[in-house]
Amino acid sequence: MCLLLGAAGVGKTLLVKRLQTILQDGLSSQDGKGDLGDPPATRPTVGTNLTDILVHRKITIRELGGCMGPIWSSYYGNCHSLLFMIDASNPAQLSASCVQLLGLLSAEPLAEASVLILFNKTDLPCYMTTEEMKSLIRLPDIVACAKQRITTAEISARKGTGLAGVLRWLQDTHRTSS
């Protein structure tokens, strides 16, 4: 099981829909260079969405709405990996996302989970570079102190940039899981 978490409005639902499109249309090697078409309509997730994707094996992604943050811990069981999304175009949300991330990384049921931190919306104008955001939240210190294996990626779920890397990460992370 892979948990997909992040604040409300960071693009979690669009990410899942785009991953499905890439797999269905065989665009996984093009990494944003293929025509994904216009972004599908999405609504804020209230509750949870379960989506199965097939990347050499079935991986279930459980997306939890950002508004469900206070009860995310109810879903940590059976979690092999964690996708945590941050809105790279919204620096005002950065500190809240950092607090959420620290809470996730300190949760004992997630101690063995592999973590991919996704800086989404890199195609939109923002006030800081991703490197500046990593520095501001002291991401190198977080990674050094965390029990989990942590990877980061810059993506645009809207354009598809970086999504082939997300699929590769999921495939590699779930290669030996049951």
# chains A, B, ... in the order shown; residues from 1 in each chain; ligands from 1
$ residues_around --residues "A:Ala96" --least-positions-apart "5" --cutoff "12 Å" --atoms "only C-alpha atoms" --output "VMD selection string"
chain A and resid 6 to 8 66 69 86 to 87 90 to 91 101 to 103 137
$ write_last_selection --atoms "all heavy atoms" --output "compact mmCIF listing (two decimals), in the first residue's frame"
# COMPACT_ATOMS: atom_id res chain seq x y z
N GLY A 6 -0.76 15.04 1.78
CA GLY A 6 -0.33 16.42 1.60
C GLY A 6 -1.50 17.33 1.93
O GLY A 6 -2.64 16.90 2.07
N ALA A 7 -1.21 18.61 2.05
CA ALA A 7 -2.23 19.60 2.37
C ALA A 7 -3.31 19.64 1.29
O ALA A 7 -3.10 19.15 0.16
CB ALA A 7 -1.59 20.97 2.53
N ALA A 8 -4.42 20.23 1.61
CA ALA A 8 -5.51 20.39 0.64
C ALA A 8 -5.02 21.25 -0.53
O ALA A 8 -4.31 22.24 -0.33
CB ALA A 8 -6.72 21.03 1.31
N GLY A 66 -6.59 16.32 2.14
CA GLY A 66 -5.80 17.17 3.03
C GLY A 66 -6.55 17.57 4.29
O GLY A 66 -5.96 17.72 5.36
N GLY A 69 -6.16 15.47 7.65
CA GLY A 69 -4.88 15.42 8.35
C GLY A 69 -4.96 14.93 9.79
O GLY A 69 -4.14 14.09 10.20
N ILE A 86 3.97 18.59 -1.72
CA ILE A 86 4.08 19.98 -1.29
C ILE A 86 3.81 20.85 -2.50
O ILE A 86 4.30 20.57 -3.59
CB ILE A 86 5.49 20.25 -0.72
CG1 ILE A 86 5.72 19.43 0.55
CG2 ILE A 86 5.69 21.75 -0.47
CD1 ILE A 86 7.13 19.53 1.10
N ASP A 87 3.02 21.90 -2.31
CA ASP A 87 2.72 22.85 -3.38
C ASP A 87 3.88 23.82 -3.50
O ASP A 87 4.04 24.73 -2.68
CB ASP A 87 1.41 23.59 -3.07
CG ASP A 87 0.98 24.53 -4.17
OD1 ASP A 87 1.81 24.88 -5.05
OD2 ASP A 87 -0.20 24.93 -4.16
N ASN A 90 3.23 27.67 -3.59
CA ASN A 90 2.57 28.32 -2.46
C ASN A 90 3.49 28.35 -1.23
O ASN A 90 3.33 27.55 -0.32
CB ASN A 90 1.26 27.58 -2.14
CG ASN A 90 0.44 28.28 -1.09
OD1 ASN A 90 0.87 29.27 -0.50
ND2 ASN A 90 -0.75 27.76 -0.83
N PRO A 91 4.44 29.26 -1.21
CA PRO A 91 5.36 29.33 -0.06
C PRO A 91 4.67 29.56 1.27
O PRO A 91 5.18 29.16 2.31
CB PRO A 91 6.28 30.51 -0.41
CG PRO A 91 6.19 30.65 -1.88
CD PRO A 91 4.79 30.23 -2.24
N LEU A 101 4.82 16.89 7.52
CA LEU A 101 5.87 15.93 7.17
C LEU A 101 6.59 15.43 8.42
O LEU A 101 6.83 14.23 8.56
CB LEU A 101 6.87 16.58 6.20
CG LEU A 101 8.07 15.73 5.80
CD1 LEU A 101 7.62 14.46 5.07
CD2 LEU A 101 9.02 16.55 4.93
N LEU A 102 6.94 16.31 9.33
CA LEU A 102 7.62 15.90 10.55
C LEU A 102 6.75 14.95 11.37
O LEU A 102 7.26 13.98 11.95
CB LEU A 102 8.00 17.13 11.39
CG LEU A 102 9.13 17.97 10.82
CD1 LEU A 102 9.26 19.28 11.59
CD2 LEU A 102 10.44 17.21 10.80
N GLY A 103 5.45 15.20 11.41
CA GLY A 103 4.54 14.30 12.10
C GLY A 103 4.52 12.91 11.48
O GLY A 103 4.52 11.90 12.18
N ILE A 137 12.91 24.72 5.00
CA ILE A 137 12.34 23.73 5.92
C ILE A 137 13.42 22.81 6.50
O ILE A 137 13.11 21.88 7.22
CB ILE A 137 11.21 22.89 5.27
CG1 ILE A 137 11.74 22.03 4.11
CG2 ILE A 137 10.06 23.78 4.84
CD1 ILE A 137 10.73 21.05 3.56
$ closest_atom_pairs --of "stretch 47-87 of chain A" --to "stretch 149-163 of chain A" --cutoff "10 Å" --atoms "only C-alpha atoms" --output "CSV"
residue,atom,partner,partner_atom,distance
A:Ser81,CA,A:Arg149,CA,9.7
A:Leu82,CA,A:Ile150,CA,9.5
A:Leu83,CA,A:Thr152,CA,9.7
A:Phe84,CA,A:Thr152,CA,9.4
A:Met85,CA,A:Ala153,CA,9.7
A:Ile86,CA,A:Glu154,CA,9.7
A:Asp87,CA,A:Ser156,CA,10.0
$ atom_distance --atom1 "atom CA of A:Thr60" --atom2 "atom CA of A:Asp25"
19.2 Å
$ select_by_dssp --residues "chain A" --states "helix (DSSP H, G or I)" --output "NGL selection string"
:A and (12-25 or 66-75 or 91-105 or 108-110 or 130-136 or 139-145 or 163-173)
$ atom_distance --atom1 "atom CA of A:Ala113" --atom2 "atom CA of A:Cys2"
8.9 Å
$ closest_residue --among "A:Leu94, A:Cys79, A:Leu170, A:Leu3" --to "A:Ile61" --atoms "only C-alpha atoms"
A:Leu3
$ residues_around --residues "A:Leu64" --least-positions-apart "4" --cutoff "9 Å" --atoms "only C-alpha atoms" --output "list of chain:residue names"
A:Leu3, A:Leu4, A:Leu5, A:Gly6, A:Lys12, A:Thr45, A:Val46, A:Gly47, A:Thr48, A:Asn49, A:Leu50, A:Met68, A:Gly69, A:Trp72, A:Tyr75
$ residues_around --residues "stretch 130-133 of chain A" --least-positions-apart "2" --cutoff "12 Å" --atoms "only C-alpha atoms" --output "PDB file with C-alpha atoms, in the first residue's frame"
ATOM      1  CA  ILE A  86       4.083  19.977  -1.286  1.00  0.00           C
ATOM      2  CA  ASP A  87       2.721  22.849  -3.379  1.00  0.00           C
ATOM      3  CA  ALA A  88       5.896  24.471  -4.721  1.00  0.00           C
ATOM      4  CA  SER A  89       3.922  27.485  -5.920  1.00  0.00           C
ATOM      5  CA  ASN A  90       2.571  28.318  -2.462  1.00  0.00           C
ATOM      6  CA  PRO A  91       5.364  29.329  -0.062  1.00  0.00           C
ATOM      7  CA  ALA A  92       2.766  30.439   2.502  1.00  0.00           C
ATOM      8  CA  GLN A  93       1.755  26.784   2.918  1.00  0.00           C
ATOM      9  CA  LEU A  94       5.318  25.557   3.327  1.00  0.00           C
ATOM     10  CA  SER A  95       5.557  25.705   7.124  1.00  0.00           C
ATOM     11  CA  SER A  97       3.479  21.154   5.112  1.00  0.00           C
ATOM     12  CA  CYS A  98       6.744  20.866   7.038  1.00  0.00           C
ATOM     13  CA  ILE A 117       8.526  14.070  -1.207  1.00  0.00           C
ATOM     14  CA  LEU A 118       6.999  15.632  -4.300  1.00  0.00           C
ATOM     15  CA  PHE A 119       7.387  19.340  -4.947  1.00  0.00           C
ATOM     16  CA  ASN A 120       4.394  19.770  -7.265  1.00  0.00           C
ATOM     17  CA  LYS A 121       3.337  22.723  -9.421  1.00  0.00           C
ATOM     18  CA  THR A 122       6.899  23.536 -10.437  1.00  0.00           C
ATOM     19  CA  ASP A 123       5.472  24.810 -13.726  1.00  0.00           C
ATOM     20  CA  LEU A 124       3.750  27.708 -11.956  1.00  0.00           C
ATOM     21  CA  PRO A 125       5.387  30.947 -10.864  1.00  0.00           C
ATOM     22  CA  CYS A 126       6.484  30.949  -7.261  1.00  0.00           C
ATOM     23  CA  TYR A 127       8.480  33.098  -4.925  1.00  0.00           C
ATOM     24  CA  MET A 128      11.296  30.637  -4.205  1.00  0.00           C
ATOM     25  CA  SER A 135      16.714  24.970   2.745  1.00  0.00           C
ATOM     26  CA  LEU A 136      13.936  26.890   4.488  1.00  0.00           C
ATOM     27  CA  ILE A 137      12.341  23.728   5.920  1.00  0.00           C
ATOM     28  CA  ARG A 138      15.835  22.331   6.624  1.00  0.00           C
ATOM     29  CA  LEU A 139      15.137  19.268   4.512  1.00  0.00           C
ATOM     30  CA  PRO A 140      18.768  18.024   4.630  1.00  0.00           C
ATOM     31  CA  THR A 152      12.615  14.130  -3.386  1.00  0.00           C
ATOM     32  CA  ALA A 153      11.318  15.025  -6.829  1.00  0.00           C
ATOM     33  CA  GLU A 154      10.150  18.124  -8.623  1.00  0.00           C
ATOM     34  CA  ILE A 155       7.020  17.475 -10.656  1.00  0.00           C
TER      35      ILE A 155
END
$ residues_around --residues "A:Arg57" --least-positions-apart "2" --cutoff "12 Å" --atoms "only C-alpha atoms" --output "PyMOL selection string"
chain A and resi 1+52-55+59-60+167+170-178
$ write_last_selection --atoms "all heavy atoms" --output "compact mmCIF listing (two decimals), in the first residue's frame"
# COMPACT_ATOMS: atom_id res chain seq x y z
N MET A 1 0.84 -1.18 0.00
CA MET A 1 0.00 0.00 0.00
C MET A 1 0.88 1.24 0.00
O MET A 1 1.88 1.31 0.71
CB MET A 1 -0.90 0.00 1.23
CG MET A 1 -1.70 1.27 1.46
SD MET A 1 -3.19 1.44 0.50
CE MET A 1 -4.15 0.10 1.15
N ASP A 52 -5.75 1.50 -7.91
CA ASP A 52 -4.75 0.49 -8.23
C ASP A 52 -4.06 0.90 -9.53
O ASP A 52 -4.73 1.24 -10.51
CB ASP A 52 -5.39 -0.88 -8.42
CG ASP A 52 -5.90 -1.47 -7.12
OD1 ASP A 52 -5.33 -1.14 -6.06
OD2 ASP A 52 -6.87 -2.25 -7.16
N ILE A 53 -2.73 0.88 -9.50
CA ILE A 53 -1.98 1.09 -10.73
C ILE A 53 -1.10 -0.12 -10.95
O ILE A 53 -0.73 -0.82 -10.00
CB ILE A 53 -1.15 2.40 -10.71
CG1 ILE A 53 -0.09 2.36 -9.62
CG2 ILE A 53 -2.03 3.62 -10.56
CD1 ILE A 53 0.92 3.50 -9.72
N LEU A 54 -0.80 -0.40 -12.20
CA LEU A 54 -0.01 -1.57 -12.54
C LEU A 54 1.32 -1.12 -13.12
O LEU A 54 1.39 -0.59 -14.22
CB LEU A 54 -0.76 -2.44 -13.55
CG LEU A 54 -0.17 -3.81 -13.83
CD1 LEU A 54 -0.13 -4.64 -12.56
CD2 LEU A 54 -0.99 -4.52 -14.89
N VAL A 55 2.37 -1.26 -12.31
CA VAL A 55 3.74 -0.94 -12.74
C VAL A 55 4.55 -2.20 -12.48
O VAL A 55 5.19 -2.33 -11.45
CB VAL A 55 4.32 0.25 -11.93
CG1 VAL A 55 5.63 0.71 -12.53
CG2 VAL A 55 3.35 1.39 -11.84
N ILE A 59 -0.02 -1.88 -7.52
CA ILE A 59 0.27 -1.03 -6.36
C ILE A 59 -1.00 -0.26 -6.06
O ILE A 59 -1.56 0.39 -6.94
CB ILE A 59 1.42 -0.06 -6.63
CG1 ILE A 59 2.69 -0.82 -6.99
CG2 ILE A 59 1.65 0.87 -5.43
CD1 ILE A 59 3.82 0.07 -7.52
N THR A 60 -1.46 -0.35 -4.83
CA THR A 60 -2.65 0.39 -4.41
C THR A 60 -2.20 1.70 -3.78
O THR A 60 -1.40 1.71 -2.86
CB THR A 60 -3.48 -0.42 -3.40
OG1 THR A 60 -3.88 -1.66 -4.02
CG2 THR A 60 -4.72 0.35 -2.97
N LEU A 167 6.71 7.03 -11.21
CA LEU A 167 6.37 5.64 -11.53
C LEU A 167 7.57 4.72 -11.30
O LEU A 167 7.42 3.61 -10.77
CB LEU A 167 5.87 5.53 -12.97
CG LEU A 167 4.49 6.10 -13.22
CD1 LEU A 167 4.18 6.12 -14.72
CD2 LEU A 167 3.42 5.32 -12.47
N LEU A 170 7.95 4.22 -7.57
CA LEU A 170 6.94 3.27 -7.08
C LEU A 170 7.32 1.84 -7.45
O LEU A 170 7.23 0.93 -6.62
CB LEU A 170 5.56 3.62 -7.64
CG LEU A 170 4.87 4.82 -7.02
CD1 LEU A 170 3.66 5.25 -7.86
CD2 LEU A 170 4.44 4.52 -5.59
N GLN A 171 7.74 1.65 -8.68
CA GLN A 171 8.12 0.32 -9.13
C GLN A 171 9.29 -0.22 -8.32
O GLN A 171 9.26 -1.35 -7.83
CB GLN A 171 8.49 0.36 -10.62
CG GLN A 171 8.97 -0.97 -11.17
CD GLN A 171 9.36 -0.85 -12.63
OE1 GLN A 171 8.93 0.05 -13.33
NE2 GLN A 171 10.19 -1.76 -13.09
N ASP A 172 10.33 0.59 -8.16
CA ASP A 172 11.51 0.15 -7.41
C ASP A 172 11.18 -0.10 -5.93
O ASP A 172 11.65 -1.06 -5.34
CB ASP A 172 12.63 1.20 -7.51
CG ASP A 172 13.20 1.29 -8.91
OD1 ASP A 172 12.94 0.39 -9.74
OD2 ASP A 172 13.90 2.30 -9.18
N THR A 173 10.36 0.77 -5.36
CA THR A 173 10.03 0.67 -3.95
C THR A 173 9.16 -0.55 -3.66
O THR A 173 9.29 -1.18 -2.61
CB THR A 173 9.31 1.95 -3.49
OG1 THR A 173 10.18 3.06 -3.71
CG2 THR A 173 8.95 1.90 -2.00
N HIS A 174 8.29 -0.89 -4.59
CA HIS A 174 7.35 -1.99 -4.38
C HIS A 174 7.81 -3.29 -5.05
O HIS A 174 7.07 -4.26 -5.09
CB HIS A 174 5.95 -1.60 -4.86
CG HIS A 174 5.31 -0.58 -3.97
ND1 HIS A 174 4.45 -0.93 -2.95
CD2 HIS A 174 5.43 0.77 -3.92
CE1 HIS A 174 4.06 0.17 -2.31
NE2 HIS A 174 4.64 1.20 -2.87
N ARG A 175 9.01 -3.30 -5.56
CA ARG A 175 9.53 -4.47 -6.27
C ARG A 175 9.51 -5.72 -5.39
O ARG A 175 9.16 -6.81 -5.84
CB ARG A 175 10.96 -4.20 -6.75
CG ARG A 175 11.52 -5.28 -7.63
CD ARG A 175 12.91 -4.94 -8.14
NE ARG A 175 13.03 -3.65 -8.77
CZ ARG A 175 12.71 -3.38 -10.05
NH1 ARG A 175 12.25 -4.33 -10.80
NH2 ARG A 175 12.87 -2.18 -10.53
N THR A 176 9.87 -5.57 -4.13
CA THR A 176 9.97 -6.74 -3.26
C THR A 176 8.87 -6.79 -2.20
O THR A 176 8.87 -7.67 -1.36
CB THR A 176 11.34 -6.76 -2.54
OG1 THR A 176 11.47 -5.54 -1.79
CG2 THR A 176 12.47 -6.88 -3.53
N SER A 177 7.93 -5.82 -2.24
CA SER A 177 6.88 -5.84 -1.22
C SER A 177 5.81 -6.84 -1.59
O SER A 177 5.67 -7.24 -2.72
CB SER A 177 6.27 -4.45 -1.08
OG SER A 177 5.55 -4.12 -2.25
N SER A 178 5.05 -7.24 -0.59
CA SER A 178 3.99 -8.21 -0.84
C SER A 178 2.68 -7.53 -1.05
O SER A 178 2.52 -6.36 -0.87
CB SER A 178 3.88 -9.17 0.33
OG SER A 178 3.75 -8.47 1.54
$ select_by_dssp --residues "stretch 56-145 of chain A" --states "strand (DSSP E or B)" --output "PyMOL selection string"
chain A and resi 58-64+81-87+114-120
$ write_last_selection --atoms "N, CA, C and O atoms" --output "short mmCIF file (atom, residue, chain, number, x, y, z; two decimals), in the first residue's frame"
data_model
loop_
_atom_site.label_atom_id
_atom_site.label_comp_id
_atom_site.auth_asym_id
_atom_site.auth_seq_id
_atom_site.Cartn_x
_atom_site.Cartn_y
_atom_site.Cartn_z
N LYS A 58 0.75 -4.83 -9.19
CA LYS A 58 -0.31 -3.94 -8.73
C LYS A 58 0.14 -3.19 -7.48
O LYS A 58 0.62 -3.80 -6.52
N ILE A 59 -0.02 -1.88 -7.52
CA ILE A 59 0.27 -1.03 -6.36
C ILE A 59 -1.00 -0.26 -6.06
O ILE A 59 -1.56 0.39 -6.94
N THR A 60 -1.46 -0.35 -4.83
CA THR A 60 -2.65 0.39 -4.41
C THR A 60 -2.20 1.70 -3.78
O THR A 60 -1.40 1.71 -2.86
N ILE A 61 -2.73 2.79 -4.32
CA ILE A 61 -2.45 4.12 -3.78
C ILE A 61 -3.69 4.57 -3.02
O ILE A 61 -4.78 4.61 -3.58
N ARG A 62 -3.50 4.89 -1.76
CA ARG A 62 -4.60 5.43 -0.95
C ARG A 62 -4.35 6.92 -0.78
O ARG A 62 -3.43 7.33 -0.09
N GLU A 63 -5.18 7.69 -1.45
CA GLU A 63 -5.10 9.14 -1.33
C GLU A 63 -6.04 9.59 -0.22
O GLU A 63 -7.21 9.23 -0.21
N LEU A 64 -5.50 10.37 0.69
CA LEU A 64 -6.32 10.92 1.78
C LEU A 64 -6.44 12.42 1.60
O LEU A 64 -5.43 13.09 1.35
N SER A 81 4.93 2.49 1.40
CA SER A 81 5.55 3.70 0.88
C SER A 81 4.62 4.88 1.09
O SER A 81 3.41 4.73 1.26
N LEU A 82 5.24 6.07 1.04
CA LEU A 82 4.50 7.31 1.27
C LEU A 82 4.90 8.33 0.23
O LEU A 82 6.09 8.60 0.05
N LEU A 83 3.91 8.85 -0.47
CA LEU A 83 4.11 10.00 -1.35
C LEU A 83 3.58 11.20 -0.59
O LEU A 83 2.41 11.24 -0.21
N PHE A 84 4.45 12.19 -0.34
CA PHE A 84 4.02 13.39 0.36
C PHE A 84 4.20 14.57 -0.57
O PHE A 84 5.30 14.86 -1.03
N MET A 85 3.09 15.25 -0.86
CA MET A 85 3.11 16.35 -1.83
C MET A 85 3.16 17.71 -1.14
O MET A 85 2.46 17.94 -0.15
N ILE A 86 3.97 18.59 -1.72
CA ILE A 86 4.08 19.98 -1.29
C ILE A 86 3.81 20.85 -2.50
O ILE A 86 4.30 20.57 -3.59
N ASP A 87 3.02 21.90 -2.31
CA ASP A 87 2.72 22.85 -3.38
C ASP A 87 3.88 23.82 -3.50
O ASP A 87 4.04 24.73 -2.68
N SER A 114 9.20 3.78 2.78
CA SER A 114 10.01 4.63 1.92
C SER A 114 9.20 5.88 1.62
O SER A 114 7.98 5.80 1.43
N VAL A 115 9.86 7.03 1.55
CA VAL A 115 9.15 8.30 1.40
C VAL A 115 9.65 9.03 0.15
O VAL A 115 10.86 9.17 -0.04
N LEU A 116 8.72 9.49 -0.66
CA LEU A 116 9.03 10.35 -1.79
C LEU A 116 8.31 11.67 -1.57
O LEU A 116 7.08 11.72 -1.51
N ILE A 117 9.09 12.73 -1.38
CA ILE A 117 8.53 14.07 -1.21
C ILE A 117 8.45 14.71 -2.58
O ILE A 117 9.47 14.83 -3.28
N LEU A 118 7.24 15.08 -2.97
CA LEU A 118 7.00 15.63 -4.30
C LEU A 118 6.75 17.13 -4.21
O LEU A 118 5.79 17.56 -3.57
N PHE A 119 7.61 17.90 -4.83
CA PHE A 119 7.39 19.34 -4.95
C PHE A 119 6.61 19.53 -6.24
O PHE A 119 7.18 19.52 -7.33
N ASN A 120 5.29 19.67 -6.11
CA ASN A 120 4.39 19.77 -7.26
C ASN A 120 4.19 21.23 -7.66
O ASN A 120 4.46 22.14 -6.89
#
$ atom_distance --atom1 "atom CA of A:Ile142" --atom2 "atom CA of A:Pro109"
17.9 Å
$ residues_around --residues "A:Ser106" --least-positions-apart "5" --cutoff "9 Å" --atoms "only C-alpha atoms" --output "PyMOL selection string"
chain A and resi 101+111+146-147
$ write_last_selection --atoms "N, CA and C atoms" --output "JSON list (two decimals), in the first residue's frame"
[["chain", "number", "residue", "atom", "x", "y", "z"],
["A", 101, "LEU", "N", 4.82, 16.89, 7.52],
["A", 101, "LEU", "CA", 5.87, 15.93, 7.17],
["A", 101, "LEU", "C", 6.59, 15.43, 8.42],
["A", 111, "ALA", "N", 7.81, 4.00, 10.22],
["A", 111, "ALA", "CA", 9.27, 3.99, 10.36],
["A", 111, "ALA", "C", 9.96, 3.22, 9.24],
["A", 146, "ALA", "N", 15.82, 11.27, 9.88],
["A", 146, "ALA", "CA", 14.67, 10.39, 9.69],
["A", 146, "ALA", "C", 15.09, 8.92, 9.66],
["A", 147, "LYS", "N", 14.19, 8.06, 10.11],
["A", 147, "LYS", "CA", 14.41, 6.61, 10.05],
["A", 147, "LYS", "C", 14.18, 6.10, 8.62]]
$ residues_around --residues "A:Thr42" --least-positions-apart "5" --cutoff "10 Å" --atoms "only C-alpha atoms" --output "list in words"
Gly11, Lys12, Thr13, Leu14 and Lys17 of chain A
$ write_last_selection --atoms "C-alpha atoms" --output "JSON list (two decimals), in the first residue's frame"
[["chain", "number", "residue", "atom", "x", "y", "z"],
["A", 11, "GLY", "CA", -2.58, 18.22, -6.51],
["A", 12, "LYS", "CA", -2.88, 14.70, -5.11],
["A", 13, "THR", "CA", -5.96, 13.71, -7.10],
["A", 14, "LEU", "CA", -4.52, 15.12, -10.33],
["A", 17, "LYS", "CA", -5.24, 10.64, -12.58]]
$ closest_residue --among "A:Cys145, A:Val166, A:Leu19, A:Val99" --to "A:Pro39" --atoms "only C-alpha atoms"
A:Leu19
$ closest_residue --among "A:Pro40, A:Gln148, A:Gln24, A:Thr51" --to "A:His80" --atoms "only C-alpha atoms"
A:Gln148
